[in-house]
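Working notes, beginning with the structure itself.
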Amino acid sequence: MQGLDISILGPACVAGLIVLSTHVPLGKQVLGRGIIFIDLAIAQIAGLGVILAQYFGIDEHGLGVQFAAAAAALAGAGLLSWTDRRWPEYQEPLIGTLFVLAATGGLLLLADNPQGGEHLKDLLVGQILWVSYAQLIPAAVLSALLLMVMWLRRGRLTGLLFYGVFALAITASVQLVGVYLVFASLIVPALATVGMRGRGRLAMAYVIGAAGYVAGLALSAVLDLPSGAMIVWTLAGCALLAQLLHAARRSHPARGATAAVLEAAE
Amino acid sequence: MKRIAISLLLLASVAAAPAQARLKVFACEPEWGSLVRELAGDKVDLDVATTALQDVHVVEAKPSLIAKVRAADLVVCTGAGLEVGWLPQLIRQSGNAKVASGAGSFMAGAQVKTLEKPTALDRANGDVHPDGNPHIQMDPRRVLIVARQLDARLIQVDPANADTYRQRGADFEKRWLAAMSRWKAEAAPLKGRKVVVHHTSWVYLWDWLGVQQIGALEPKPAVPPTAAHLAELVGTTKSNDTLAIVHAAYQDSKPSNWLSERTGVPVVSLPFTVGGDAQSSDLFGLFDSTISKLVGAAK
């Protein structure tokens, strides 16, 4: 039971909610576009940006790293937005190729980088429990700005705007919670609500995400297991539960009929 | 079920009540946990953060780790950059100023002279750490110096048990010196022999035993070796009457086996710290096992 303490789990929980705030609506689009591995590719490209920045002598602890990561992620986003227009049918394999190129490009660069240490690669991959409130302020401001952009565009982001917003959101969130949680926050709530429509879907996806984080943090404290990995599993558990409840409600005859009518009308 | 759990918890807290006065020690690595047990016996509550079968550079964040550091009176770690990826975060998240610096923070690496310490000039020449190689636990001489300093620290932070610490410290020193001369005698055939290692984590052991390291499979941590480096290493290993290819129990044996197949030199997996193999249940067992495995390869 050691560790079931709000001052230990609090910052991690807030970090999770901040990440969810942008990732749930973005996840819906990622799923719709069928490019689910784009977050891994963007995170890897941001990491490559940091390694490159080291080459040019940028201090690894300063703000320069953040700019390098964001610039690299945005450049990657620009490239992907262009390939999306040029070869839309090959977007998914292109994203995969970009991912392995960025990952192995880092290895090639580090091979003879004088200070090429393993920490460079981990610089952009956070662990959710190590988050402090001070770290959350810039992430919260950025998320608010990105949400505002999405709201102004009524949730419909196209081309470069989508890839740009996505790149910034991912670069910030990977540093807070790590790649596994970023992937899960993006895909799992969106996947769990795939049969639902409209505002209800977004709300349900947020509920699933928040429940997954809270349950995962609490369970990791009770069972003494690594928090990040535990949350991925509780997110999936909450998603499964939501799907089962949804299916049960739909199979109820009266409700089922109304839902079918509404679905046909939409 | 819940009621049972609650009553068990209550029982546990009642049972723990008289122990509340006991010093709470948080050790980062098993070797220092073992040393604390030698010096303090049951006078302290001990938590060890890592096991011998993991890479201590990387630790998965668990809520219990933060809670343990929060409760600790004394943190005993290696320092010298070994835990730089997680210990600073852990101490910051715990908010425990007592162990952040001063008497509550004991860094073994700071008590001894470290090897491979770069001068300001050659910092740019490789993936070297500014405080030198942190894997000091494989030199019994350095372990003894750390033991003396740690004993003094225990007396300082827990004066009520000073007599126990003094007596146990003297007893440990006597047994350790006796063991050291035994190990040195057993290890006589190793002197001057050459080894190839997986990572350069054994410099202190070689320094003590007079063994010569002639190459490393992965000279830079986490950076895969190049084909040219491996080709050269096969040549050096073959032409030098190499005693063994050494890797730590927690490390992947694939690279060592690869080199062994090409050169016919045997692979030796050493415990590296307490708990690394069945025999290494404490610091004495760690060196018993290490020496006997190396001598076994020399026969």
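Within each chain, counting starts at residue 1; across the structure tokens, chains are named A, B, ... in the order shown, with ligands numbered 1 upward in that order.
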*Could you pull out the residues in segment 51-290 of chain B that DSSP calls strand (DSSP E) from the backbone, as a list in words?*
Leu74, Val75, Val76, Cys77, Ser105, Phe106, Met107, Lys194, Val195, Val196, Val197, Gln212, Gln213, Ile214, Gly215, Ala216, Ala244, Ile245, Val246, His247, Ala248, Val267, Val268, Ser269 and Leu270 of chain B
What would the file look like if the residues just selected were written as a compact mmCIF listing (two decimals), in the first residue's frame with N, CA, C and O atoms?
```
# COMPACT_ATOMS: atom_id res chain seq x y z
N LEU B 74 18.37 7.76 5.68
CA LEU B 74 19.70 7.70 5.06
C LEU B 74 19.59 6.99 3.71
O LEU B 74 19.00 5.92 3.63
N VAL B 75 20.14 7.63 2.67
CA VAL B 75 20.17 7.01 1.35
C VAL B 75 21.60 6.60 1.06
O VAL B 75 22.52 7.42 1.19
N VAL B 76 21.81 5.32 0.74
CA VAL B 76 23.16 4.81 0.45
C VAL B 76 23.22 4.37 -1.01
O VAL B 76 22.60 3.37 -1.39
N CYS B 77 23.92 5.15 -1.84
CA CYS B 77 23.98 4.86 -3.27
C CYS B 77 25.42 4.93 -3.75
O CYS B 77 26.32 5.26 -2.99
N SER B 105 22.68 11.70 3.01
CA SER B 105 23.02 11.23 1.66
C SER B 105 24.43 10.67 1.66
O SER B 105 25.40 11.42 1.85
N PHE B 106 24.55 9.35 1.47
CA PHE B 106 25.88 8.72 1.46
C PHE B 106 26.16 8.16 0.07
O PHE B 106 25.46 7.27 -0.40
N MET B 107 27.17 8.73 -0.60
CA MET B 107 27.52 8.26 -1.94
C MET B 107 28.85 7.51 -1.88
O MET B 107 29.90 8.11 -1.62
N LYS B 194 44.97 -11.93 -19.53
CA LYS B 194 44.25 -10.92 -20.32
C LYS B 194 42.79 -11.33 -20.49
O LYS B 194 42.48 -12.51 -20.67
N VAL B 195 41.90 -10.35 -20.45
CA VAL B 195 40.48 -10.62 -20.64
C VAL B 195 39.88 -9.63 -21.63
O VAL B 195 40.39 -8.52 -21.83
N VAL B 196 38.76 -10.09 -22.24
CA VAL B 196 37.93 -9.20 -23.05
C VAL B 196 36.60 -9.06 -22.31
O VAL B 196 36.11 -10.04 -21.73
N VAL B 197 36.03 -7.86 -22.28
CA VAL B 197 34.79 -7.66 -21.53
C VAL B 197 33.67 -7.23 -22.47
O VAL B 197 33.90 -6.81 -23.60
N GLN B 212 44.69 -7.89 -17.04
CA GLN B 212 44.76 -6.86 -18.08
C GLN B 212 43.57 -6.97 -19.03
O GLN B 212 43.32 -8.04 -19.59
N GLN B 213 42.85 -5.88 -19.19
CA GLN B 213 41.72 -5.88 -20.13
C GLN B 213 42.21 -5.45 -21.50
O GLN B 213 42.78 -4.37 -21.66
N ILE B 214 42.01 -6.33 -22.52
CA ILE B 214 42.57 -5.99 -23.83
C ILE B 214 41.52 -5.55 -24.83
O ILE B 214 41.84 -5.20 -25.96
N GLY B 215 40.25 -5.58 -24.45
CA GLY B 215 39.23 -5.13 -25.39
C GLY B 215 37.84 -5.22 -24.80
O GLY B 215 37.63 -5.85 -23.76
N ALA B 216 36.89 -4.51 -25.46
CA ALA B 216 35.50 -4.52 -25.01
C ALA B 216 34.59 -4.69 -26.21
O ALA B 216 34.83 -4.12 -27.27
N ALA B 244 39.50 -15.12 -20.80
CA ALA B 244 38.04 -15.26 -20.83
C ALA B 244 37.39 -14.03 -21.43
O ALA B 244 38.01 -12.96 -21.53
N ILE B 245 36.12 -14.22 -21.85
CA ILE B 245 35.27 -13.11 -22.26
C ILE B 245 34.26 -12.92 -21.13
O ILE B 245 33.49 -13.83 -20.83
N VAL B 246 34.29 -11.75 -20.49
CA VAL B 246 33.55 -11.56 -19.25
C VAL B 246 32.33 -10.67 -19.47
O VAL B 246 32.42 -9.62 -20.10
N HIS B 247 31.18 -11.14 -18.98
CA HIS B 247 30.02 -10.24 -18.94
C HIS B 247 29.29 -10.38 -17.61
O HIS B 247 29.47 -11.37 -16.89
N ALA B 248 28.49 -9.37 -17.26
CA ALA B 248 27.76 -9.40 -15.99
C ALA B 248 26.49 -10.22 -16.14
O ALA B 248 25.93 -10.34 -17.24
N VAL B 267 33.39 -18.06 -22.33
CA VAL B 267 32.63 -16.94 -21.76
C VAL B 267 32.47 -17.18 -20.26
O VAL B 267 32.17 -18.29 -19.84
N VAL B 268 32.70 -16.14 -19.46
CA VAL B 268 32.47 -16.24 -18.01
C VAL B 268 31.44 -15.19 -17.63
O VAL B 268 31.63 -14.00 -17.88
N SER B 269 30.33 -15.66 -17.03
CA SER B 269 29.30 -14.74 -16.55
C SER B 269 29.51 -14.51 -15.06
O SER B 269 29.44 -15.44 -14.27
N LEU B 270 29.84 -13.28 -14.68
CA LEU B 270 30.13 -12.98 -13.28
C LEU B 270 28.94 -12.27 -12.62
O LEU B 270 28.19 -11.56 -13.29
```
_Selection near Lys24 of chain B, 6 Å with only C-alpha atoms, sequence-local residues under 5 positions removed, as an NGL selection string_ = :B and (44-45 or 72-73)
Saved selection, atoms kept: N, CA, C and O atoms, as an mmCIF file, in the first residue's frame:
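Contents of out-v5.cif, as written:
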```cif
data_model
loop_
_atom_site.group_PDB
_atom_site.id
_atom_site.type_symbol
_atom_site.label_atom_id
_atom_site.label_comp_id
_atom_site.auth_asym_id
_atom_site.auth_seq_id
_atom_site.Cartn_x
_atom_site.Cartn_y
_atom_site.Cartn_z
ATOM 1 N N VAL B 44 18.516 -1.369 11.708
ATOM 2 C CA VAL B 44 17.913 -0.451 10.724
ATOM 3 C C VAL B 44 16.861 -1.189 9.905
ATOM 4 O O VAL B 44 16.873 -2.412 9.797
ATOM 5 N N ASP B 45 15.924 -0.401 9.345
ATOM 6 C CA ASP B 45 15.003 -0.934 8.329
ATOM 7 C C ASP B 45 15.616 -0.636 6.975
ATOM 8 O O ASP B 45 15.947 0.514 6.682
ATOM 9 N N ALA B 72 12.823 7.650 4.214
ATOM 10 C CA ALA B 72 14.187 7.270 4.576
ATOM 11 C C ALA B 72 14.896 8.323 5.428
ATOM 12 O O ALA B 72 14.652 9.519 5.305
ATOM 13 N N ASP B 73 15.790 7.843 6.330
ATOM 14 C CA ASP B 73 16.661 8.739 7.088
ATOM 15 C C ASP B 73 18.032 8.819 6.426
ATOM 16 O O ASP B 73 18.769 9.772 6.625
#
```
*Write out as an MDAnalysis selection string each polymer residue whose atoms come within 6 Å of segment 10-26 of chain A, counting only C-alpha atoms; drop sequence neighbours fewer than 4 positions from it.*
chainID A and resid 6 128:129 132:133 173 186
*asked:* Please return, as a PyMOL selection string, all residues of segment 148-229 of chain A that DSSP assigns to helix (DSSP H, G or I) on the basis of the backbone.
replied: chain A and resi 148-152+159-177+179-192+198-223+227-229
*asked:* I need the residue nearest Leu217 of chain B from this list: B:Asn240, B:Ser256, B:Thr290, B:Ser181. Use only C-alpha atoms for the distance.
replied: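 Nearest candidate to Leu217 of chain B out of B:Asn240, B:Ser256, B:Thr290, B:Ser181: B:Ser256.
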_Test item: residues at most 6 Å from segment 152-167 of chain B, only C-alpha atoms, excluding those fewer than 2 positions along its chain, as a list in words_ =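 Final neighbour list, sorted by chain and number: Leu39, Ala40, Gln149, Leu150, Gly169 and Ala170 of chain B.
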_Calculated over only C-alpha atoms, which of the candidates A:Leu240, A:His246, A:Tyr163, A:Leu31 has the smallest distance to Gly200 of chain A?_
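Ranked by minimum distance to Gly200 of chain A, first place goes to A:His246.
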*Nearest to chain B by atom-to-atom distance, counting only C-alpha atoms, from A:Leu4, A:Ala203, A:Ile95, A:Leu152*: A:Leu4
*May I have the residues within 8 Å of Leu90 of chain B as a list in words, using only C-alpha atoms and disregarding those fewer than 6 positions away in the same chain?*
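The neighbour list is Trp130 of chain A; Leu65, Ile66 and Val69 of chain B.
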Write out as a PDB file with N, CA and C atoms, in the first residue's frame each polymer residue whose atoms come within 12 Å of Val179 of chain A, counting only C-alpha atoms; drop sequence neighbours fewer than 4 positions from it.
```pdb
ATOM      1  N   VAL A  19      -2.374  15.313 -20.969  1.00  0.00           N
ATOM      2  CA  VAL A  19      -2.088  14.568 -22.199  1.00  0.00           C
ATOM      3  C   VAL A  19      -3.392  14.143 -22.869  1.00  0.00           C
ATOM      4  N   PHE A  37       0.459   4.789 -36.334  1.00  0.00           N
ATOM      5  CA  PHE A  37       1.832   4.779 -35.833  1.00  0.00           C
ATOM      6  C   PHE A  37       2.531   6.124 -36.013  1.00  0.00           C
ATOM      7  N   ILE A  38       1.749   7.131 -36.408  1.00  0.00           N
ATOM      8  CA  ILE A  38       2.355   8.438 -36.650  1.00  0.00           C
ATOM      9  C   ILE A  38       2.956   9.028 -35.377  1.00  0.00           C
ATOM     10  N   ASP A  39       2.363   8.728 -34.212  1.00  0.00           N
ATOM     11  CA  ASP A  39       2.898   9.293 -32.964  1.00  0.00           C
ATOM     12  C   ASP A  39       4.309   8.762 -32.691  1.00  0.00           C
ATOM     13  N   LEU A  40       4.524   7.463 -32.950  1.00  0.00           N
ATOM     14  CA  LEU A  40       5.865   6.900 -32.727  1.00  0.00           C
ATOM     15  C   LEU A  40       6.867   7.549 -33.669  1.00  0.00           C
ATOM     16  N   ALA A  41       6.437   7.761 -34.926  1.00  0.00           N
ATOM     17  CA  ALA A  41       7.341   8.378 -35.901  1.00  0.00           C
ATOM     18  C   ALA A  41       7.694   9.799 -35.483  1.00  0.00           C
ATOM     19  N   ILE A  42       6.684  10.579 -35.068  1.00  0.00           N
ATOM     20  CA  ILE A  42       6.939  11.970 -34.678  1.00  0.00           C
ATOM     21  C   ILE A  42       7.854  12.030 -33.454  1.00  0.00           C
ATOM     22  N   ALA A  43       7.604  11.164 -32.475  1.00  0.00           N
ATOM     23  CA  ALA A  43       8.435  11.164 -31.265  1.00  0.00           C
ATOM     24  C   ALA A  43       9.887  10.837 -31.622  1.00  0.00           C
ATOM     25  N   GLN A  44      10.058   9.889 -32.526  1.00  0.00           N
ATOM     26  CA  GLN A  44      11.393   9.483 -32.936  1.00  0.00           C
ATOM     27  C   GLN A  44      12.107  10.620 -33.683  1.00  0.00           C
ATOM     28  N   GLY A  47      13.308  13.187 -31.304  1.00  0.00           N
ATOM     29  CA  GLY A  47      14.536  12.712 -30.671  1.00  0.00           C
ATOM     30  C   GLY A  47      15.748  12.922 -31.568  1.00  0.00           C
ATOM     31  N   ASP A 122      17.175   8.941 -24.418  1.00  0.00           N
ATOM     32  CA  ASP A 122      16.103   8.925 -23.424  1.00  0.00           C
ATOM     33  C   ASP A 122      15.648  10.319 -23.032  1.00  0.00           C
ATOM     34  N   LEU A 124      14.045  12.530 -24.438  1.00  0.00           N
ATOM     35  CA  LEU A 124      12.686  12.921 -24.781  1.00  0.00           C
ATOM     36  C   LEU A 124      11.647  11.899 -24.336  1.00  0.00           C
ATOM     37  N   VAL A 125      12.092  10.897 -23.600  1.00  0.00           N
ATOM     38  CA  VAL A 125      11.120   9.898 -23.160  1.00  0.00           C
ATOM     39  C   VAL A 125      10.977   9.966 -21.646  1.00  0.00           C
ATOM     40  N   GLY A 126       9.850  10.477 -21.197  1.00  0.00           N
ATOM     41  CA  GLY A 126       9.636  10.666 -19.768  1.00  0.00           C
ATOM     42  C   GLY A 126       9.010   9.450 -19.115  1.00  0.00           C
ATOM     43  N   GLN A 127       9.009   9.453 -17.779  1.00  0.00           N
ATOM     44  CA  GLN A 127       8.266   8.466 -17.014  1.00  0.00           C
ATOM     45  C   GLN A 127       7.255   9.255 -16.186  1.00  0.00           C
ATOM     46  N   ILE A 128       6.016   8.797 -16.211  1.00  0.00           N
ATOM     47  CA  ILE A 128       4.924   9.608 -15.673  1.00  0.00           C
ATOM     48  C   ILE A 128       5.118   9.948 -14.192  1.00  0.00           C
ATOM     49  N   ILE A 170       2.471  15.791 -29.526  1.00  0.00           N
ATOM     50  CA  ILE A 170       3.226  14.561 -29.248  1.00  0.00           C
ATOM     51  C   ILE A 170       4.583  14.872 -28.621  1.00  0.00           C
ATOM     52  N   THR A 171       5.272  15.887 -29.157  1.00  0.00           N
ATOM     53  CA  THR A 171       6.592  16.222 -28.622  1.00  0.00           C
ATOM     54  C   THR A 171       6.506  16.562 -27.137  1.00  0.00           C
ATOM     55  N   ALA A 172       5.451  17.304 -26.769  1.00  0.00           N
ATOM     56  CA  ALA A 172       5.294  17.671 -25.358  1.00  0.00           C
ATOM     57  C   ALA A 172       4.905  16.453 -24.513  1.00  0.00           C
ATOM     58  N   SER A 173       3.975  15.630 -25.012  1.00  0.00           N
ATOM     59  CA  SER A 173       3.447  14.564 -24.158  1.00  0.00           C
ATOM     60  C   SER A 173       4.442  13.426 -23.959  1.00  0.00           C
ATOM     61  N   VAL A 174       5.251  13.138 -24.976  1.00  0.00           N
ATOM     62  CA  VAL A 174       6.211  12.035 -24.823  1.00  0.00           C
ATOM     63  C   VAL A 174       7.187  12.339 -23.690  1.00  0.00           C
ATOM     64  N   GLN A 175       7.545  13.612 -23.546  1.00  0.00           N
ATOM     65  CA  GLN A 175       8.468  13.978 -22.475  1.00  0.00           C
ATOM     66  C   GLN A 175       7.840  13.833 -21.101  1.00  0.00           C
ATOM     67  N   PHE A 183       0.908   6.548 -26.991  1.00  0.00           N
ATOM     68  CA  PHE A 183       0.217   5.709 -27.966  1.00  0.00           C
ATOM     69  C   PHE A 183      -1.135   5.263 -27.410  1.00  0.00           C
ATOM     70  N   ALA A 184      -1.144   4.798 -26.165  1.00  0.00           N
ATOM     71  CA  ALA A 184      -2.386   4.291 -25.570  1.00  0.00           C
ATOM     72  C   ALA A 184      -3.420   5.408 -25.419  1.00  0.00           C
ATOM     73  N   SER A 185      -2.979   6.608 -24.981  1.00  0.00           N
ATOM     74  CA  SER A 185      -3.922   7.712 -24.779  1.00  0.00           C
ATOM     75  C   SER A 185      -4.546   8.144 -26.096  1.00  0.00           C
ATOM     76  N   LEU A 186      -3.777   8.009 -27.145  1.00  0.00           N
ATOM     77  CA  LEU A 186      -4.229   8.455 -28.454  1.00  0.00           C
ATOM     78  C   LEU A 186      -5.219   7.449 -29.051  1.00  0.00           C
ATOM     79  N   GLY A 228       3.619   3.506 -15.517  1.00  0.00           N
ATOM     80  CA  GLY A 228       3.325   3.714 -16.933  1.00  0.00           C
ATOM     81  C   GLY A 228       2.720   2.466 -17.568  1.00  0.00           C
ATOM     82  N   ALA A 229       3.374   1.326 -17.336  1.00  0.00           N
ATOM     83  CA  ALA A 229       2.907   0.074 -17.934  1.00  0.00           C
ATOM     84  C   ALA A 229       1.533  -0.314 -17.396  1.00  0.00           C
ATOM     85  N   VAL A 232      -1.329   1.637 -19.099  1.00  0.00           N
ATOM     86  CA  VAL A 232      -1.662   1.151 -20.446  1.00  0.00           C
ATOM     87  C   VAL A 232      -2.698   0.027 -20.338  1.00  0.00           C
TER      88      VAL A 232
END
```
*Please, what distance in Å, to one decimal, runs between atom CA of Gly3 of chain A and atom CA of Val36 of chain B?*
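Between atom CA of Gly3 of chain A and atom CA of Val36 of chain B the gap works out to 23.9 Å.
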*Within 12 Å of Thr114 of chain B, counting only C-alpha atoms, which residues qualify if same-chain residues fewer than 5 places away don't, as a ChimeraX atom specification?*
/B:78-81,108-109,129-137,139,142,203-204,207
If you keep all heavy atoms, can you produce a file of those selected residues as a compact mmCIF listing (two decimals), in the first residue's frame?
```txt
# COMPACT_ATOMS: atom_id res chain seq x y z
N THR B 78 25.62 4.62 -5.03
CA THR B 78 26.97 4.67 -5.57
C THR B 78 27.36 6.09 -5.94
O THR B 78 28.48 6.52 -5.69
CB THR B 78 27.08 3.78 -6.82
OG1 THR B 78 26.73 2.45 -6.46
CG2 THR B 78 28.48 3.80 -7.38
N GLY B 79 26.41 6.84 -6.53
CA GLY B 79 26.75 8.19 -6.98
C GLY B 79 27.66 8.11 -8.20
O GLY B 79 27.58 7.14 -8.97
N ALA B 80 28.53 9.10 -8.36
CA ALA B 80 29.44 9.16 -9.51
C ALA B 80 28.69 9.01 -10.83
O ALA B 80 29.22 8.48 -11.80
CB ALA B 80 30.55 8.11 -9.39
N GLY B 81 27.44 9.43 -10.84
CA GLY B 81 26.68 9.45 -12.09
C GLY B 81 25.96 8.15 -12.42
O GLY B 81 25.23 8.08 -13.40
N ALA B 108 28.79 6.21 -2.12
CA ALA B 108 29.99 5.38 -1.99
C ALA B 108 31.11 5.83 -2.93
O ALA B 108 32.28 5.82 -2.57
CB ALA B 108 29.63 3.92 -2.27
N GLY B 109 30.71 6.24 -4.15
CA GLY B 109 31.71 6.64 -5.13
C GLY B 109 32.52 7.85 -4.69
O GLY B 109 33.66 8.04 -5.14
N HIS B 129 32.57 9.30 -18.01
CA HIS B 129 31.82 10.05 -17.03
C HIS B 129 32.73 11.00 -16.27
O HIS B 129 33.84 10.64 -15.92
CB HIS B 129 31.11 9.10 -16.08
CG HIS B 129 29.98 9.79 -15.44
ND1 HIS B 129 30.14 10.56 -14.33
CD2 HIS B 129 28.69 9.91 -15.81
CE1 HIS B 129 28.98 11.11 -14.03
NE2 HIS B 129 28.08 10.72 -14.91
N PRO B 130 32.26 12.23 -16.01
CA PRO B 130 33.13 13.21 -15.36
C PRO B 130 33.62 12.76 -13.99
O PRO B 130 34.71 13.16 -13.56
CB PRO B 130 32.25 14.47 -15.24
CG PRO B 130 30.86 14.02 -15.54
CD PRO B 130 30.99 12.82 -16.41
N ASP B 131 32.87 11.91 -13.27
CA ASP B 131 33.31 11.47 -11.95
C ASP B 131 34.04 10.14 -11.98
O ASP B 131 34.27 9.53 -10.94
CB ASP B 131 32.11 11.37 -11.00
CG ASP B 131 31.54 12.74 -10.72
OD1 ASP B 131 32.33 13.68 -10.56
OD2 ASP B 131 30.30 12.88 -10.69
N GLY B 132 34.38 9.67 -13.17
CA GLY B 132 35.09 8.40 -13.26
C GLY B 132 34.14 7.22 -13.34
O GLY B 132 32.93 7.38 -13.31
N ASN B 133 34.72 6.02 -13.47
CA ASN B 133 33.92 4.80 -13.56
C ASN B 133 33.23 4.52 -12.21
O ASN B 133 33.90 4.42 -11.19
CB ASN B 133 34.86 3.64 -13.94
CG ASN B 133 34.11 2.39 -14.30
OD1 ASN B 133 33.14 2.02 -13.64
ND2 ASN B 133 34.56 1.73 -15.34
N PRO B 134 31.90 4.38 -12.20
CA PRO B 134 31.20 4.26 -10.92
C PRO B 134 31.14 2.84 -10.34
O PRO B 134 30.68 2.67 -9.21
CB PRO B 134 29.79 4.75 -11.25
CG PRO B 134 29.61 4.44 -12.70
CD PRO B 134 30.97 4.52 -13.33
N HIS B 135 31.63 1.82 -11.05
CA HIS B 135 31.39 0.43 -10.60
C HIS B 135 32.44 -0.02 -9.59
O HIS B 135 33.10 -1.04 -9.76
CB HIS B 135 31.36 -0.50 -11.80
CG HIS B 135 30.37 -0.08 -12.83
ND1 HIS B 135 29.01 -0.15 -12.60
CD2 HIS B 135 30.51 0.45 -14.07
CE1 HIS B 135 28.37 0.29 -13.68
NE2 HIS B 135 29.26 0.68 -14.57
N ILE B 136 32.55 0.73 -8.48
CA ILE B 136 33.63 0.50 -7.52
C ILE B 136 33.46 -0.76 -6.67
O ILE B 136 34.40 -1.18 -6.01
CB ILE B 136 33.77 1.70 -6.57
CG1 ILE B 136 32.43 1.94 -5.87
CG2 ILE B 136 34.22 2.95 -7.31
CD1 ILE B 136 32.55 2.85 -4.67
N GLN B 137 32.25 -1.36 -6.69
CA GLN B 137 31.99 -2.47 -5.76
C GLN B 137 32.82 -3.70 -6.04
O GLN B 137 32.90 -4.61 -5.23
CB GLN B 137 30.50 -2.82 -5.74
CG GLN B 137 30.03 -3.74 -6.85
CD GLN B 137 29.77 -3.00 -8.16
OE1 GLN B 137 30.06 -1.82 -8.28
NE2 GLN B 137 29.23 -3.68 -9.15
N ASP B 139 36.02 -3.93 -6.23
CA ASP B 139 37.35 -3.88 -5.62
C ASP B 139 37.20 -3.96 -4.11
O ASP B 139 36.72 -3.02 -3.48
CB ASP B 139 38.07 -2.58 -6.02
CG ASP B 139 39.44 -2.47 -5.37
OD1 ASP B 139 39.80 -3.36 -4.56
OD2 ASP B 139 40.14 -1.49 -5.66
N ARG B 142 38.38 -1.01 -2.02
CA ARG B 142 37.49 0.15 -2.00
C ARG B 142 36.25 -0.14 -1.17
O ARG B 142 35.73 0.75 -0.49
CB ARG B 142 37.13 0.55 -3.43
CG ARG B 142 38.28 1.27 -4.14
CD ARG B 142 37.91 1.63 -5.56
NE ARG B 142 38.87 2.57 -6.15
CZ ARG B 142 40.03 2.21 -6.72
NH1 ARG B 142 40.39 0.95 -6.73
NH2 ARG B 142 40.80 3.13 -7.25
N VAL B 203 36.75 -2.44 -14.36
CA VAL B 203 38.11 -1.89 -14.19
C VAL B 203 38.65 -2.06 -12.78
O VAL B 203 39.83 -2.30 -12.59
CB VAL B 203 38.18 -0.40 -14.59
CG1 VAL B 203 38.20 -0.25 -16.09
CG2 VAL B 203 37.08 0.39 -13.96
N TYR B 204 37.78 -1.96 -11.77
CA TYR B 204 38.26 -2.04 -10.39
C TYR B 204 38.69 -3.45 -10.02
O TYR B 204 39.67 -3.64 -9.31
CB TYR B 204 37.18 -1.54 -9.42
CG TYR B 204 36.89 -0.08 -9.63
CD1 TYR B 204 35.83 0.34 -10.42
CD2 TYR B 204 37.72 0.89 -9.07
CE1 TYR B 204 35.58 1.67 -10.64
CE2 TYR B 204 37.48 2.23 -9.28
CZ TYR B 204 36.42 2.62 -10.07
OH TYR B 204 36.19 3.94 -10.28
N ASP B 207 42.00 -4.00 -11.67
CA ASP B 207 43.00 -3.20 -10.97
C ASP B 207 43.48 -3.93 -9.72
O ASP B 207 44.68 -3.98 -9.42
CB ASP B 207 42.38 -1.84 -10.60
CG ASP B 207 43.41 -0.90 -10.00
OD1 ASP B 207 44.42 -0.65 -10.66
OD2 ASP B 207 43.19 -0.43 -8.86
```
*Would you mind telling me which residue in A:Gly164, A:Gly78, A:Pro226, A:Gly159 lies nearest to chain B when using only C-alpha atoms?*
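Checking each candidate against chain B, we get A:Pro226 as the closest.
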